[in-house]
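Enquirer: Below: one structure in structure tokens.
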Amino acid sequence: MLLAYVAVSSQVMAQSGSFSVSGRVTDAEAGVGLPGVTVLLKGTTTATPTDAQGNYTLNLPNGSGTLVFTYIGYQSQEVPVNGKSTINVALGVDAKALEEVVVIGYGAQRAEAVTGSVASISADEITQVPSGNITQALQGRLPGVEFSQSSSQPGASMQIRIRGTRSISGGNDPLVVLDGIPFPGSVSDINPSDIKSIDILKDASATAIYGSRGANGVVLVTTKSGKAGQKPQISYNSFFGVKDVFARYDMMSGPELLALREASGPAQLEGKMGLDEAEDIDTDWQDLLYRTGITTSHDIGISGGTEQGHYNFSAGYFKDKGVVPTQQFTRYSIRGSFDQGLGKYVRVGINSYNNYNVTEGSNVGLYNTLSLSPLANPYNPDGTLKRVVKMPQDDYWVYTKDRVEDLEDEWLNETRAFATYNTLYGEVQIPGVEGLKYRANLGLNYRQSRNGAYTGRGINTADSTAVSTASLGNTVTTNWTIENLLTYDRTFAGKHNVNVVGLYSASQEQYDRSLIAGRDIPTDAFQFYNIGRAADEIIVDPDEQIYTQWGLLSWMGRAMYSYDDRYMLSVTVRSDGSSRLAPGHKWHTYPAVSAGWNIARESFMENVGLVDMLKLRAGYGQTSNQAITPYSTLGLLATRPYNFGPDDFTTGYYVSQLPNPNLGWEYSKTWNYGVDFAILNNRLSGTVEYYVTDTEDILLSLGLPPTSGVDSYTANIGSMQNKGLELSLNGVIIENANGWTWEAGVNIYGNRNKITSLASGSDEDKANWLFVGHPVNVIYDYEKVGLWQEGDPYRNILEPNEKDPNATLGMIKVKYTGGYNEDGTPVRAINADDRQIMNANPDFQGGFNTRVGYKGFDLSAVAAFQSGGILNSTLYGASGYLNMLNGRRNNVAVDYWTPENTGAEYPNPASLRSGDNLKYASTLGYFDASYLKIRTITLGYNFENNNWLGKVGIQNLRVYATAQNPFVLFSPYHKASGMDPETNSYADQNVASTGNGVPSRLLTIGTNAPSTRNYLVGLNVTF
């Protein structure tokens, strides 16, 4: 009420003069009225804004003076009054100013006035990396935002972490907001061609407005829209490309495998050959499997507007065929947005995003292909492909590219998903109070996914009589959100800007999943469509039938004040109530405050020509996290059958999870400090930020001992800290010098994460690899320090083997951490106490980009890098069974120890073993995770000032060629293997041995799908 009174009083004061001037302010290009333009009598506080149609009336003391017209995104204009009673003005778009406008929660701000931590990227920058998935285009582009590959199969999205890991068993994924409404779908659902800009909110002062959903950062996706008064405009964007394997998995050749068998000794496979093996055979099984992949994308859109409205409609098609047969991803998308003014005070609109996608081929793995002996002949004497090859100890079903493609209806796995995301909104400007408006948003979302898998009789197994299997799973997610927003936004006297937002919202999500499986399907024609006809058994696993429903109530208030973009202050208070938490602990209220000082606008900086912008920022805020499974506060029951004789049984129930009536919010407190600067006539600009985030009451599911009779218990246990430093620089090195331009940018950041406390004051949880004082992501294992050699001291003490002391020669030597006797000898042998806690996180990471232009030509490149950390490769470690060094199956090509080759990196195949692997073989999978790689190189040409384009109605035309993932400049792992050093799996995927102890949260390199190198040609045209 106070703000409304001030606004009305200011308007009355501005209109109390004796000379009246009125007019209309329009867009110079479209000719439509611009609402909210500030009209100021220069040198005074007399001002007024334009109405919804761009009209204004301003009373002046007399007919002299100069009017100043200012509007965000447009060039300011000054017009002398000179006694004129009517002054109409057409404002031209300021392209540079538009770039400086960033989207924040429930609004937009000039970058100069932002006080929180926000990283932004425009559509032009995104399209430098043409791709079907937006996460691939963002990697290495934004400081403090890590995009890691968790799957290399077509259609997979990257794992996103903003300023590190903040929770252990709670969610760490950021909130994605699509056109103002929280987005419940997958990032891969969004067509990159529809995106106008992406703004990422990183610190608590910026994310607090989204409450608990923004605990891990917020990704704001703004899609393209039409422009009021714009004539209909048609755009078409397309690219087509081929892809090949970046590098084959470095497996042994036939002679190398034969030599390994000889080196493994009599206890292994010395001198043994399978029925289908021969010394003169050297089969490249990867060559028989891989195909040339194809990527294609087509997007067409139409946009335009009327005097009071605008619209945008688009349709897209994207297909990505992988190099592994039948692996592919297809997406169809349709999007529409419409915004219309109704009279003077009302606006309504709708955004609708719909897509249908199909993911295929995840059933085709690489382990069998990689582990097949190169000594085995895949062909019968008549030239036909063998069904099975027999190795010394294994019989393997043979599949090649042609066989897999021929069996695509008998061996398949596909996921078909349909999603529709819709936002309806209405906005009312409150008459009589300039700048005050009410807006209602309604988000209605639906996503349905169906996964079907079928394996025909005898397929993917050496047993030709193995029965067929099928499974069918369905998931449905429905989500609705209602938001009520009251906003007051006014600028007084051209310098005092006040923006106040009040919000009340409610949302609810419902998820249900069902899964059915069957054995011995009567005919291949049924596939997974009629599992009820299975002849053997029909399985409905109770643990796979899931239903959850949860809701969130929220209210929020935010006030932002800016004086002349010189002094800025933002204060936010938000309160969330979650149905996931226990009664009495459902609500949490948290504040956030940030301030900025634009020093460059001070009078004492007027003569400092070097500095164009210098702003100091500081902020503090709290966020909270409730991203645990619904019903975690309740005790859960599991079932177990009890037999009473051969034909009589009943189902019993037992407690699998204890209830917790005190389960509450996990919350974080963040301090953020930043400096934004621009110098040399804005030729060089950048940002430096430092932050500290302390997370308390961590939500963690604890495994309980078997003696308790209960599996787990979820509670608020422990705390952790993240702190880091971020730097980004952007420079214009050459600016239109004889047609040449050269721009470059670099960002670098480091995050330091550590656990500060665990349950009951404990310092460690070895089972989950959690240790106080260390990061969440660690490797807890022995540390390889070399190989045991003849003459090494204490070998028989540290690795005693009375049966054959020489069996430890060439064995992996690990670090000893025990004590020593007075004579300097170790007091004990190596044991589990010698396992080390090793930090898996990189020391720092980032990326750089550059663009060189000459007239219509442009050449751009984007690179990514990281330094330090540990890369876990299951190809070389124990869990992947591809480096067993016994010759039973094919092996990664490594230089191993023999009596004649004692300087090797890898151990003696005849040394001590632990099960199928050599002792301490897990240590062989750990590599330095550093790398520097070029993500993309693009050469393009823009057809400019061509008369023939205008004659055929073409406004813009650009053609380009792109090489994606062309090469690695530096990487220890690439040097050792020749392969891409980026991860492609979680730790529980692509492993042959289970129970290896590596937590699934760690990313690894496995046999998911090979990394590829892509070559694209593209076209962008606007009519």
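Order determines the names: the first chain of the structure tokens is A, the second B, and so forth; residues in each chain are numbered 1 upward, and ligands are numbered 1 upward as they are shown.
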Env of A:Pro542: 9 Å cut, atoms = only C-alpha atoms, seq-sep filter 2 positions within chain, self excluded. Answer as number ranges by chain.

Expert: A: 515, 540, 544-546, 638-639

Enquirer: Check the DSSP output for the backbone and give back, as a count of residues only, the residues of stretch 668-805 of chain A in alpha helix (DSSP H).

Expert: 4

Enquirer: May I have the residues within 10 Å of stretch 20-28 of chain A as JSON, numbers by chain, using only C-alpha atoms and disregarding those fewer than 4 positions away in the same chain?

Expert: {"A": [15, 16, 32, 33, 34, 35, 36, 37, 38, 39, 50, 51, 53, 54, 55, 56, 57, 58, 59, 60, 61, 62, 63, 67, 69, 74, 81, 83, 84, 85, 86, 87, 88, 89, 90, 91, 92, 93, 228, 229]}

Enquirer: My list of candidates is A:Val467, A:Leu702, A:Asn768, A:Ala506. Which is closest to A:Ala535 when distances are computed with only C-alpha atoms?

Expert: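 Of all the options, A:Val467 lies closest to A:Ala535.
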
Enquirer: From the list A:Ala419, A:Leu275, A:Ala864, A:Ile954, which residue is nearest A:Gln233 when using only C-alpha atoms?

Expert: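 For A:Gln233, the nearest of the given residues is A:Ile954.
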
Enquirer: Any idea what the distance is between atom CA of A:Tyr290 and atom CA of A:Lys933?

Expert: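 If I compute the distance from atom CA of A:Tyr290 to atom CA of A:Lys933, I get 23.9 Å.
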
Enquirer: As an exercise, work out the distance from atom CA of A:Ser235 to atom CA of A:Gly1018 in Å and give it to one decimal place.

Expert: 13.6 Å

Enquirer: To one decimal in Å, tell me the separation between atom CA of A:Arg851 and atom CA of A:Thr687.

Expert: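 Between atom CA of A:Arg851 and atom CA of A:Thr687 the gap works out to 20.2 Å.
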
Enquirer: Quick one: of A:Ile104, A:Val348, A:Ile72, A:Ala156, who's nearest to A:Asn133, counting only C-alpha atoms?

Expert: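 Residue with the minimum atom-to-atom distance to A:Asn133: A:Ala156.
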
Enquirer: Find the spatial neighbours of A:Ser120, counting only C-alpha atoms, within a cut-off of 12 Å - ignore same-chain residues fewer than 6 positions away - and output them as a list of chain:residue names.

Expert: A:Glu99, A:Glu100, A:Val101, A:Val102, A:Val103, A:Ile104, A:Ala111, A:Val114, A:Ile126, A:Leu138, A:Arg141, A:Leu142, A:Pro143, A:Gly144, A:Val145, A:Lys196, A:Ser197, A:Ile198, A:Asp199, A:Ile200, A:Leu201, A:Lys202, A:Val218, A:Val219, A:Leu220, A:Val221, A:Thr222, A:Ser728

Enquirer: Considering only C-alpha atoms, return as a JSON list (two decimals) with C-alpha atoms, in the first residue's frame whatever protein or nucleic-acid residues lie within 7 Å of stretch 1003-1016 of chain A, sequence-local ones (same chain, fewer than 4 positions apart) excluded.

Expert:
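Output (result_14.json):
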[["chain", "number", "residue", "atom", "x", "y", "z"],
["A", 150, "SER", "CA", 26.91, -40.28, -17.85],
["A", 151, "SER", "CA", 25.97, -42.16, -21.01],
["A", 152, "SER", "CA", 27.35, -42.11, -24.54],
["A", 153, "GLN", "CA", 24.30, -43.71, -26.14],
["A", 239, "PHE", "CA", 22.07, -30.04, -40.32],
["A", 240, "PHE", "CA", 23.17, -33.46, -41.50],
["A", 241, "GLY", "CA", 26.22, -35.40, -40.46],
["A", 242, "VAL", "CA", 28.02, -38.69, -40.26],
["A", 243, "LYS", "CA", 29.80, -40.08, -37.23],
["A", 244, "ASP", "CA", 32.53, -42.61, -36.72],
["A", 245, "VAL", "CA", 34.17, -44.15, -33.69],
["A", 246, "PHE", "CA", 36.55, -41.69, -32.07],
["A", 365, "GLY", "CA", 26.27, -53.92, -25.40],
["A", 366, "LEU", "CA", 29.96, -54.08, -26.20],
["A", 367, "TYR", "CA", 31.31, -56.45, -23.55],
["A", 871, "LEU", "CA", 39.35, -41.19, -13.83],
["A", 872, "ASN", "CA", 38.06, -44.69, -13.13],
["A", 873, "SER", "CA", 38.08, -46.93, -16.21],
["A", 874, "THR", "CA", 36.34, -50.29, -15.91],
["A", 875, "LEU", "CA", 38.19, -51.36, -19.09],
["A", 961, "ALA", "CA", 30.45, -27.20, -41.70],
["A", 962, "THR", "CA", 31.28, -28.53, -38.25],
["A", 963, "ALA", "CA", 33.64, -31.14, -36.80],
["A", 964, "GLN", "CA", 32.53, -32.30, -33.35],
["A", 965, "ASN", "CA", 34.93, -33.95, -30.92],
["A", 966, "PRO", "CA", 37.72, -33.77, -33.52],
["A", 980, "ASP", "CA", 38.26, -40.23, -25.39],
["A", 983, "THR", "CA", 33.28, -40.52, -18.79],
["A", 984, "ASN", "CA", 30.34, -42.44, -20.24],
["A", 985, "SER", "CA", 28.79, -44.45, -17.38],
["A", 986, "TYR", "CA", 27.91, -44.54, -13.72],
["A", 987, "ALA", "CA", 29.97, -46.89, -11.58],
["A", 990, "ASN", "CA", 28.93, -51.81, -17.68]]

Enquirer: Compile the contact shell of A:Asp833 as a list of chain:residue names: residues with an atom at most 10 Å away, counting only C-alpha atoms, same-chain residues fewer than 2 positions apart removed.

Expert: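 Those residues are A:Asp781, A:Tyr782, A:Tyr816, A:Thr817, A:Gly818, A:Ile830, A:Asn831, A:Arg835, A:Gln836.
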
Enquirer: Given the choices A:Arg828, A:Arg752, A:Lys42, A:Lys321, which gets closest to A:Thr292 if the distance is worked out from only C-alpha atoms?

Expert: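 For A:Thr292, the nearest of the given residues is A:Lys321.
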
Enquirer: With only C-alpha atoms as the counted atoms, please give the residues lying no more than 6 Å from stretch 889-901 of chain A, apart from itself and same-chain residues fewer than 4 positions off, as a tab-separated table (two decimals) with all heavy atoms, in the first residue's frame.

Expert:
chain	number	residue	atom	x	y	z
A	250	ASP	N	41.09	-50.43	-27.29
A	250	ASP	CA	42.43	-50.94	-27.58
A	250	ASP	C	42.58	-52.36	-27.04
A	250	ASP	O	43.13	-52.59	-25.95
A	250	ASP	CB	43.47	-50.01	-26.96
A	250	ASP	CG	44.88	-50.33	-27.43
A	250	ASP	OD1	45.02	-51.01	-28.46
A	250	ASP	OD2	45.83	-49.92	-26.75
A	251	MET	N	42.08	-53.32	-27.82
A	251	MET	CA	42.12	-54.73	-27.42
A	251	MET	C	43.30	-55.43	-28.10
A	251	MET	O	43.86	-54.97	-29.09
A	251	MET	CB	40.82	-55.42	-27.80
A	251	MET	CG	39.56	-54.73	-27.30
A	251	MET	SD	39.52	-54.47	-25.50
A	251	MET	CE	39.46	-56.17	-24.92
A	252	MET	N	43.68	-56.57	-27.56
A	252	MET	CA	44.81	-57.33	-28.08
A	252	MET	C	44.48	-57.96	-29.42
A	252	MET	O	43.34	-58.36	-29.69
A	252	MET	CB	45.23	-58.42	-27.08
A	252	MET	CG	45.94	-57.89	-25.86
A	252	MET	SD	46.53	-59.23	-24.80
A	252	MET	CE	47.48	-58.29	-23.59
A	371	SER	N	35.33	-58.87	-25.51
A	371	SER	CA	35.95	-60.00	-24.83
A	371	SER	C	36.11	-61.23	-25.72
A	371	SER	O	36.75	-62.21	-25.32
A	371	SER	CB	35.14	-60.37	-23.58
A	371	SER	OG	33.82	-60.73	-23.94
A	372	LEU	N	35.56	-61.22	-26.94
A	372	LEU	CA	35.72	-62.33	-27.86
A	372	LEU	C	37.18	-62.48	-28.29
A	372	LEU	O	37.86	-61.49	-28.55
A	372	LEU	CB	34.84	-62.13	-29.10
A	372	LEU	CG	33.41	-62.67	-29.02
A	372	LEU	CD1	32.57	-62.10	-30.14
A	372	LEU	CD2	33.42	-64.20	-29.07
A	373	SER	N	37.62	-63.70	-28.37
A	373	SER	CA	39.01	-63.97	-28.74
A	373	SER	C	39.27	-63.60	-30.19
A	373	SER	O	38.54	-64.02	-31.09
A	373	SER	CB	39.32	-65.46	-28.53
A	373	SER	OG	40.54	-65.80	-29.14
A	810	GLY	N	56.63	-59.30	-9.96
A	810	GLY	CA	55.83	-58.64	-10.99
A	810	GLY	C	54.42	-58.34	-10.55
A	810	GLY	O	53.61	-57.83	-11.34
A	882	LEU	N	37.88	-57.04	-18.51
A	882	LEU	CA	38.56	-56.92	-19.80
A	882	LEU	C	40.07	-56.76	-19.61
A	882	LEU	O	40.81	-56.56	-20.57
A	882	LEU	CB	38.03	-55.72	-20.58
A	882	LEU	CG	36.60	-55.86	-21.10
A	882	LEU	CD1	36.11	-54.56	-21.73
A	882	LEU	CD2	36.50	-57.01	-22.11
A	883	ASN	N	40.52	-56.86	-18.38
A	883	ASN	CA	41.95	-56.79	-18.08
A	883	ASN	C	42.32	-57.84	-17.05
A	883	ASN	O	43.06	-57.57	-16.10
A	883	ASN	CB	42.33	-55.39	-17.60
A	883	ASN	CG	43.83	-55.12	-17.64
A	883	ASN	OD1	44.57	-55.81	-18.35
A	883	ASN	ND2	44.28	-54.13	-16.89
A	906	TYR	N	52.16	-52.80	-16.34
A	906	TYR	CA	51.12	-53.70	-15.84
A	906	TYR	C	51.72	-54.98	-15.29
A	906	TYR	O	52.84	-55.38	-15.67
A	906	TYR	CB	50.10	-53.99	-16.95
A	906	TYR	CG	49.23	-52.78	-17.25
A	906	TYR	CD1	49.69	-51.78	-18.10
A	906	TYR	CD2	47.99	-52.62	-16.66
A	906	TYR	CE1	48.92	-50.65	-18.35
A	906	TYR	CE2	47.22	-51.50	-16.89
A	906	TYR	CZ	47.69	-50.51	-17.75
A	906	TYR	OH	46.92	-49.39	-17.99
A	907	PRO	N	51.00	-55.68	-14.39
A	907	PRO	CA	51.60	-56.76	-13.61
A	907	PRO	C	51.84	-58.05	-14.39
A	907	PRO	O	51.38	-58.22	-15.51
A	907	PRO	CB	50.58	-56.97	-12.49
A	907	PRO	CG	49.29	-56.53	-13.06
A	907	PRO	CD	49.63	-55.37	-13.96
A	908	ASN	N	52.52	-58.93	-13.72
A	908	ASN	CA	52.84	-60.26	-14.23
A	908	ASN	C	51.56	-61.11	-14.29
A	908	ASN	O	50.91	-61.32	-13.27
A	908	ASN	CB	53.86	-60.90	-13.29
A	908	ASN	CG	54.28	-62.29	-13.72
A	908	ASN	OD1	53.86	-62.79	-14.76
A	908	ASN	ND2	55.11	-62.92	-12.89

Enquirer: Of the candidates A:Ala861, A:Ile234, A:Trp948, A:Lys813, which one gets nearest to A:Leu918 if we count only C-alpha atoms?

Expert: A:Lys813

Enquirer: What are the closest atom pairs, with distances in Å to one decimal, for all residues of stretch 441-530 of chain A lying within 10 Å of stretch 180-186 of chain A? Consider only C-alpha atoms, order rows by chain and residue number, and present the result as a Markdown table.

Expert:
| residue | atom | partner | partner_atom | distance |
| --- | --- | --- | --- | --- |
| A:Asn441 | CA | A:Ile181 | CA | 7.9 |
| A:Leu442 | CA | A:Ile181 | CA | 8.3 |
| A:Gly443 | CA | A:Ile181 | CA | 6.5 |
| A:Leu444 | CA | A:Ile181 | CA | 9.6 |
| A:Asn445 | CA | A:Pro184 | CA | 7.6 |
| A:Tyr446 | CA | A:Gly185 | CA | 8.8 |
| A:Arg447 | CA | A:Gly185 | CA | 7.3 |
| A:Thr477 | CA | A:Pro184 | CA | 8.6 |
| A:Thr478 | CA | A:Pro184 | CA | 8.9 |
| A:Asn479 | CA | A:Pro184 | CA | 7.4 |
| A:Trp480 | CA | A:Pro182 | CA | 9.6 |
| A:Thr481 | CA | A:Ile181 | CA | 7.8 |
| A:Ile482 | CA | A:Ile181 | CA | 9.3 |
| A:Glu483 | CA | A:Ile181 | CA | 8.9 |
| A:Ser507 | CA | A:Pro182 | CA | 9.7 |
| A:Glu509 | CA | A:Pro184 | CA | 9.0 |

Enquirer: Store the residues of this selection in a file with all heavy atoms, as a short mmCIF file (atom, residue, chain, number, x, y, z; two decimals), in the first residue's frame.

Expert:
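Ended up saving to selection.cif:
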data_model
loop_
_atom_site.label_atom_id
_atom_site.label_comp_id
_atom_site.auth_asym_id
_atom_site.auth_seq_id
_atom_site.Cartn_x
_atom_site.Cartn_y
_atom_site.Cartn_z
N ASN A 441 -0.08 -17.90 -13.36
CA ASN A 441 0.51 -18.92 -14.23
C ASN A 441 -0.07 -20.28 -13.87
O ASN A 441 -0.17 -20.62 -12.68
CB ASN A 441 2.03 -18.99 -14.05
CG ASN A 441 2.74 -17.73 -14.47
OD1 ASN A 441 2.32 -17.07 -15.42
ND2 ASN A 441 3.82 -17.38 -13.78
N LEU A 442 -0.43 -21.03 -14.87
CA LEU A 442 -0.91 -22.39 -14.66
C LEU A 442 -0.08 -23.32 -15.54
O LEU A 442 -0.09 -23.19 -16.77
CB LEU A 442 -2.39 -22.51 -15.02
CG LEU A 442 -2.96 -23.95 -15.01
CD1 LEU A 442 -2.85 -24.55 -13.61
CD2 LEU A 442 -4.41 -23.95 -15.49
N GLY A 443 0.68 -24.21 -14.92
CA GLY A 443 1.47 -25.18 -15.65
C GLY A 443 0.82 -26.55 -15.59
O GLY A 443 0.50 -27.05 -14.50
N LEU A 444 0.60 -27.16 -16.72
CA LEU A 444 -0.01 -28.49 -16.82
C LEU A 444 0.92 -29.36 -17.66
O LEU A 444 1.11 -29.10 -18.85
CB LEU A 444 -1.40 -28.41 -17.46
CG LEU A 444 -2.43 -27.56 -16.73
CD1 LEU A 444 -3.69 -27.40 -17.58
CD2 LEU A 444 -2.79 -28.19 -15.38
N ASN A 445 1.46 -30.40 -17.04
CA ASN A 445 2.46 -31.22 -17.71
C ASN A 445 2.10 -32.70 -17.61
O ASN A 445 1.59 -33.16 -16.57
CB ASN A 445 3.84 -31.00 -17.08
CG ASN A 445 4.22 -29.54 -17.06
OD1 ASN A 445 4.25 -28.88 -18.09
ND2 ASN A 445 4.51 -29.02 -15.87
N TYR A 446 2.40 -33.41 -18.66
CA TYR A 446 2.12 -34.85 -18.71
C TYR A 446 3.24 -35.53 -19.47
O TYR A 446 3.64 -35.08 -20.55
CB TYR A 446 0.79 -35.10 -19.42
CG TYR A 446 0.46 -36.57 -19.65
CD1 TYR A 446 -0.21 -37.31 -18.69
CD2 TYR A 446 0.83 -37.19 -20.84
CE1 TYR A 446 -0.51 -38.64 -18.90
CE2 TYR A 446 0.52 -38.53 -21.06
CZ TYR A 446 -0.15 -39.25 -20.09
OH TYR A 446 -0.45 -40.58 -20.31
N ARG A 447 3.78 -36.59 -18.90
CA ARG A 447 4.84 -37.35 -19.57
C ARG A 447 4.57 -38.84 -19.38
O ARG A 447 4.41 -39.31 -18.25
CB ARG A 447 6.22 -37.00 -19.04
CG ARG A 447 7.36 -37.53 -19.92
CD ARG A 447 8.71 -37.01 -19.42
NE ARG A 447 9.75 -37.17 -20.42
CZ ARG A 447 10.50 -38.27 -20.56
NH1 ARG A 447 10.30 -39.31 -19.77
NH2 ARG A 447 11.43 -38.34 -21.50
N THR A 477 3.89 -39.61 -15.54
CA THR A 477 4.13 -38.51 -14.61
C THR A 477 3.20 -37.36 -14.96
O THR A 477 3.19 -36.90 -16.11
CB THR A 477 5.58 -38.03 -14.67
OG1 THR A 477 6.46 -39.12 -14.41
CG2 THR A 477 5.83 -36.93 -13.66
N THR A 478 2.40 -36.94 -14.03
CA THR A 478 1.55 -35.76 -14.22
C THR A 478 1.97 -34.70 -13.20
O THR A 478 2.30 -35.02 -12.06
CB THR A 478 0.07 -36.08 -14.06
OG1 THR A 478 -0.15 -36.66 -12.76
CG2 THR A 478 -0.39 -37.06 -15.12
N ASN A 479 1.94 -33.47 -13.63
CA ASN A 479 2.44 -32.40 -12.79
C ASN A 479 1.64 -31.14 -13.06
O ASN A 479 1.39 -30.81 -14.22
CB ASN A 479 3.93 -32.17 -13.09
CG ASN A 479 4.50 -30.97 -12.37
OD1 ASN A 479 4.28 -29.83 -12.78
ND2 ASN A 479 5.26 -31.22 -11.33
N TRP A 480 1.22 -30.46 -12.01
CA TRP A 480 0.58 -29.17 -12.20
C TRP A 480 1.17 -28.15 -11.22
O TRP A 480 1.59 -28.50 -10.12
CB TRP A 480 -0.94 -29.23 -12.06
CG TRP A 480 -1.49 -29.73 -10.75
CD1 TRP A 480 -1.95 -30.97 -10.47
CD2 TRP A 480 -1.63 -28.97 -9.53
NE1 TRP A 480 -2.38 -31.06 -9.17
CE2 TRP A 480 -2.20 -29.83 -8.57
CE3 TRP A 480 -1.35 -27.65 -9.16
CZ2 TRP A 480 -2.47 -29.44 -7.26
CZ3 TRP A 480 -1.61 -27.23 -7.86
CH2 TRP A 480 -2.18 -28.13 -6.94
N THR A 481 1.21 -26.92 -11.67
CA THR A 481 1.71 -25.82 -10.85
C THR A 481 0.81 -24.61 -11.04
O THR A 481 0.45 -24.27 -12.17
CB THR A 481 3.15 -25.45 -11.25
OG1 THR A 481 4.01 -26.57 -11.06
CG2 THR A 481 3.66 -24.28 -10.43
N ILE A 482 0.44 -23.98 -9.94
CA ILE A 482 -0.32 -22.73 -9.98
C ILE A 482 0.50 -21.67 -9.26
O ILE A 482 0.94 -21.88 -8.13
CB ILE A 482 -1.70 -22.87 -9.31
CG1 ILE A 482 -2.57 -23.87 -10.07
CG2 ILE A 482 -2.41 -21.53 -9.24
CD1 ILE A 482 -3.92 -24.12 -9.42
N GLU A 483 0.71 -20.55 -9.93
CA GLU A 483 1.46 -19.44 -9.34
C GLU A 483 0.65 -18.16 -9.42
O GLU A 483 0.08 -17.84 -10.47
CB GLU A 483 2.79 -19.24 -10.07
CG GLU A 483 3.74 -20.42 -9.95
CD GLU A 483 5.03 -20.21 -10.72
OE1 GLU A 483 5.00 -19.45 -11.72
OE2 GLU A 483 6.04 -20.80 -10.33
N SER A 507 1.99 -26.77 -6.09
CA SER A 507 2.28 -27.73 -7.15
C SER A 507 2.11 -29.14 -6.61
O SER A 507 2.22 -29.38 -5.40
CB SER A 507 3.71 -27.54 -7.68
OG SER A 507 4.66 -27.79 -6.67
N GLU A 509 2.81 -33.39 -7.95
CA GLU A 509 3.29 -34.35 -8.95
C GLU A 509 2.85 -35.75 -8.57
O GLU A 509 2.94 -36.14 -7.40
CB GLU A 509 4.80 -34.29 -9.08
CG GLU A 509 5.36 -35.23 -10.14
CD GLU A 509 6.83 -35.00 -10.42
OE1 GLU A 509 7.16 -33.89 -10.91
OE2 GLU A 509 7.63 -35.90 -10.14
#

Enquirer: Give me, as a VMD selection string, the residues of stretch 296-492 of chain A that a backbone DSSP run labels strand (DSSP E or B).

Expert: chain A and resid 296 to 305 309 to 321 328 to 342 346 to 360 376 379 385 388 to 390 395 to 397 411 to 429 436 to 455 469 to 492

Enquirer: Ranking A:Val571, A:Ile190, A:Val118, A:Met838 by minimum distance to A:Asp203 and counting only C-alpha atoms, which one comes first?

Expert: A:Val118
